[in-house]
Amino acid sequence: MFERIKDQTVFITGASSGIGKSTAIVFAEFGANVVIAARRGEKLAELEGIINQKCPTVKVHKVVMDVSNEESIKAGFESLPSWAADIDVLVNNAGVSPGVEQIKDLTSENMDTMLNTNIKSLVFVTQQVLPRMLQRDSGTVINIGSVLGSAPRPTAGMYSATKFALSAITQTLRMETNDTNVRIVEVKPGIVQTEFNVVRNFGDQEASDKFYEAMPSIPPEDVAEAILFAASRDPRCVITEISVVPKGQA
Ligand code: NDP
């Protein structure tokens, strides 16, 4: 079912933890060569070790890159080895929600962090990859949105707005590439057990444990497998959108 992914080159942003890390592992397990990008180099090195051990024939390249900064993105792509010059699958996964906040409490700094990381990065990273995909007339871009990208929730208004924007950009990109063989996909997770909820949104383990007790959630592997499924379909077929939510999440 996933054989087409073997020997393909996959670029994953936000690969140092959570969904991105699981995605790198499942793609490597099916024989894809992976470029793993994030800011925390030590976490990327750990992941490289895991992949080298599990999948010794697969190539891995680490890119320490801040996707909220266009210059850092450009430098990251300039550092790619020749085997990664042609990217078959781009997974725009890096994303943040710096805290649980009502609209009345939003600060300019928090908004800028979300706008730069969740929206502008998507455009800048895609601009690095899309021209060569169009030249080769093949490739898949997978943007990680959220179920909050179609239904906002109190205390997540600005985050939700960034995921609505991601959806709009994804749909527009699909229309703009419709006369080519490049595929554009959106994957919308529900509540996933990652650092995103633990540290970033609740500050500590105890608060996040309470959150997970109160809400159904899924491990990041469930989302990674959906991403792999979309990327490995026959090129004649586009999975335009997949929602992956825990059973019971309203
Ligand atoms: P994690 O916090 O575990 O992962 C987020 C990743 O994004 C990390 O690897 C982090 O790496 C990277 N990242 C954040 N900011 C930057 C930056 N400025 N530059 C480069 N990399 C950055 O959370 P998830 O795995 O859950 O999140 C992945 C995606 O899934 C996000 O887009 C999120 O919005 C989405 N999502 C998550 C849900 C959930 O419940 N967990 C639900 C719905 C959607 P580093 O810090 O090393 O840079």
# chains A, B, ... in the order shown; residues from 1 in each chain; ligands from 1
call {"tool": "residues_near_ligand", "arguments": {"ligand": "ligand 1", "cutoff": "6 Å", "atoms": "only C-alpha atoms and all ligand atoms", "output": "MDAnalysis selection string"}}
result
chainID A and resid 14:20 38:40 65:68 93:96 117 144:146 189:197
call {"tool": "closest_atom_pairs", "arguments": {"of": "region 33-149 of chain A", "to": "region 220-230 of chain A", "cutoff": "10 Å", "atoms": "only C-alpha atoms", "output": "tab-separated table"}}
result
residue	atom	partner	partner_atom	distance
A:Val89	CA	A:Leu228	CA	9.8
A:Val91	CA	A:Ile227	CA	8.3
A:Thr140	CA	A:Ala230	CA	8.7
A:Val141	CA	A:Ala230	CA	9.9
A:Ile142	CA	A:Ile227	CA	7.4
A:Asn143	CA	A:Ile227	CA	9.4
A:Ile144	CA	A:Ile227	CA	8.9
call {"tool": "closest_atom_pairs", "arguments": {"of": "region 70-139 of chain A", "to": "region 235-248 of chain A", "cutoff": "12 Å", "atoms": "only C-alpha atoms", "output": "tab-separated table"}}
result
residue	atom	partner	partner_atom	distance
A:Asp88	CA	A:Pro235	CA	11.5
A:Asp137	CA	A:Pro235	CA	10.7
A:Ser138	CA	A:Pro235	CA	8.1
A:Gly139	CA	A:Pro235	CA	8.6
call {"tool": "select_by_dssp", "arguments": {"residues": "region 18-72 of chain A", "states": "strand (DSSP E)", "output": "ChimeraX atom specification"}}
result
/A:33-38,60-64
call {"tool": "closest_residue", "arguments": {"among": "A:Val185, A:Leu134, A:Ala156, A:Ile51", "to": "Pro98 (chain A)", "atoms": "only C-alpha atoms"}}
result
A:Ala156
call {"tool": "closest_residue", "arguments": {"among": "A:Val64, A:Val100, A:Val58, A:Ile50", "to": "Leu80 (chain A)", "atoms": "only C-alpha atoms"}}
result
A:Val64
call {"tool": "residues_around", "arguments": {"residues": "Leu47 (chain A)", "least_positions_apart": "3", "cutoff": "10 Å", "atoms": "only C-alpha atoms", "output": "ChimeraX atom specification"}}
result
/A:15-17,21-22,24-25,36,41-44,50-53,60,62
call {"tool": "decode", "arguments": {"residues": "region 142-168 of chain A", "atoms": "N, CA and C atoms", "output": "JSON list (two decimals), in the first residue's frame"}}
result
[["chain", "number", "residue", "atom", "x", "y", "z"],
["A", 142, "ILE", "N", 2.11, 18.46, 1.36],
["A", 142, "ILE", "CA", 1.11, 18.13, 2.38],
["A", 142, "ILE", "C", 1.20, 19.15, 3.51],
["A", 143, "ASN", "N", 0.13, 19.89, 3.71],
["A", 143, "ASN", "CA", 0.10, 20.93, 4.74],
["A", 143, "ASN", "C", -0.68, 20.43, 5.95],
["A", 144, "ILE", "N", -0.07, 20.59, 7.13],
["A", 144, "ILE", "CA", -0.73, 20.10, 8.34],
["A", 144, "ILE", "C", -1.56, 21.23, 8.95],
["A", 145, "GLY", "N", -2.85, 21.11, 8.79],
["A", 145, "GLY", "CA", -3.79, 22.09, 9.34],
["A", 145, "GLY", "C", -4.27, 21.64, 10.70],
["A", 146, "SER", "N", -5.56, 21.76, 10.92],
["A", 146, "SER", "CA", -6.15, 21.34, 12.21],
["A", 146, "SER", "C", -7.65, 21.31, 12.03],
["A", 147, "VAL", "N", -8.31, 20.51, 12.87],
["A", 147, "VAL", "CA", -9.78, 20.60, 12.84],
["A", 147, "VAL", "C", -10.23, 22.00, 13.28],
["A", 148, "LEU", "N", -9.35, 22.71, 14.00],
["A", 148, "LEU", "CA", -9.69, 24.10, 14.37],
["A", 148, "LEU", "C", -9.59, 25.03, 13.16],
["A", 149, "GLY", "N", -9.12, 24.51, 12.04],
["A", 149, "GLY", "CA", -9.06, 25.27, 10.80],
["A", 149, "GLY", "C", -10.40, 25.29, 10.08],
["A", 150, "SER", "N", -11.41, 24.61, 10.64],
["A", 150, "SER", "CA", -12.76, 24.76, 10.08],
["A", 150, "SER", "C", -13.78, 25.04, 11.17],
["A", 151, "ALA", "N", -13.39, 24.93, 12.44],
["A", 151, "ALA", "CA", -14.32, 25.21, 13.54],
["A", 151, "ALA", "C", -13.54, 25.82, 14.70],
["A", 152, "PRO", "N", -13.64, 27.14, 14.90],
["A", 152, "PRO", "CA", -12.86, 27.76, 15.98],
["A", 152, "PRO", "C", -13.37, 27.36, 17.36],
["A", 153, "ARG", "N", -12.52, 27.61, 18.34],
["A", 153, "ARG", "CA", -12.85, 27.24, 19.71],
["A", 153, "ARG", "C", -12.40, 28.38, 20.64],
["A", 154, "PRO", "N", -13.17, 28.66, 21.72],
["A", 154, "PRO", "CA", -12.72, 29.70, 22.64],
["A", 154, "PRO", "C", -11.32, 29.39, 23.15],
["A", 155, "THR", "N", -10.52, 30.40, 23.33],
["A", 155, "THR", "CA", -9.12, 30.36, 23.80],
["A", 155, "THR", "C", -8.12, 29.90, 22.73],
["A", 156, "ALA", "N", -8.63, 29.62, 21.53],
["A", 156, "ALA", "CA", -7.68, 29.25, 20.46],
["A", 156, "ALA", "C", -8.00, 30.06, 19.19],
["A", 157, "GLY", "N", -8.53, 31.25, 19.38],
["A", 157, "GLY", "CA", -9.03, 32.03, 18.24],
["A", 157, "GLY", "C", -7.97, 32.36, 17.19],
["A", 158, "MET", "N", -6.82, 32.84, 17.65],
["A", 158, "MET", "CA", -5.80, 33.25, 16.66],
["A", 158, "MET", "C", -5.14, 32.03, 16.03],
["A", 159, "TYR", "N", -4.89, 30.99, 16.85],
["A", 159, "TYR", "CA", -4.34, 29.75, 16.30],
["A", 159, "TYR", "C", -5.30, 29.21, 15.23],
["A", 160, "SER", "N", -6.57, 29.17, 15.59],
["A", 160, "SER", "CA", -7.59, 28.68, 14.67],
["A", 160, "SER", "C", -7.59, 29.51, 13.37],
["A", 161, "ALA", "N", -7.45, 30.83, 13.52],
["A", 161, "ALA", "CA", -7.41, 31.70, 12.34],
["A", 161, "ALA", "C", -6.23, 31.34, 11.43],
["A", 162, "THR", "N", -5.09, 30.98, 12.03],
["A", 162, "THR", "CA", -3.93, 30.62, 11.20],
["A", 162, "THR", "C", -4.21, 29.32, 10.44],
["A", 163, "LYS", "N", -4.97, 28.42, 11.06],
["A", 163, "LYS", "CA", -5.26, 27.15, 10.38],
["A", 163, "LYS", "C", -6.37, 27.33, 9.32],
["A", 164, "PHE", "N", -7.29, 28.29, 9.54],
["A", 164, "PHE", "CA", -8.24, 28.65, 8.47],
["A", 164, "PHE", "C", -7.43, 29.17, 7.27],
["A", 165, "ALA", "N", -6.42, 30.02, 7.58],
["A", 165, "ALA", "CA", -5.59, 30.59, 6.50],
["A", 165, "ALA", "C", -4.83, 29.48, 5.78],
["A", 166, "LEU", "N", -4.31, 28.53, 6.56],
["A", 166, "LEU", "CA", -3.59, 27.42, 5.94],
["A", 166, "LEU", "C", -4.50, 26.69, 4.95],
["A", 167, "SER", "N", -5.74, 26.50, 5.36],
["A", 167, "SER", "CA", -6.71, 25.82, 4.49],
["A", 167, "SER", "C", -6.93, 26.61, 3.20],
["A", 168, "ALA", "N", -7.07, 27.92, 3.35],
["A", 168, "ALA", "CA", -7.30, 28.77, 2.17],
["A", 168, "ALA", "C", -6.09, 28.72, 1.23]]
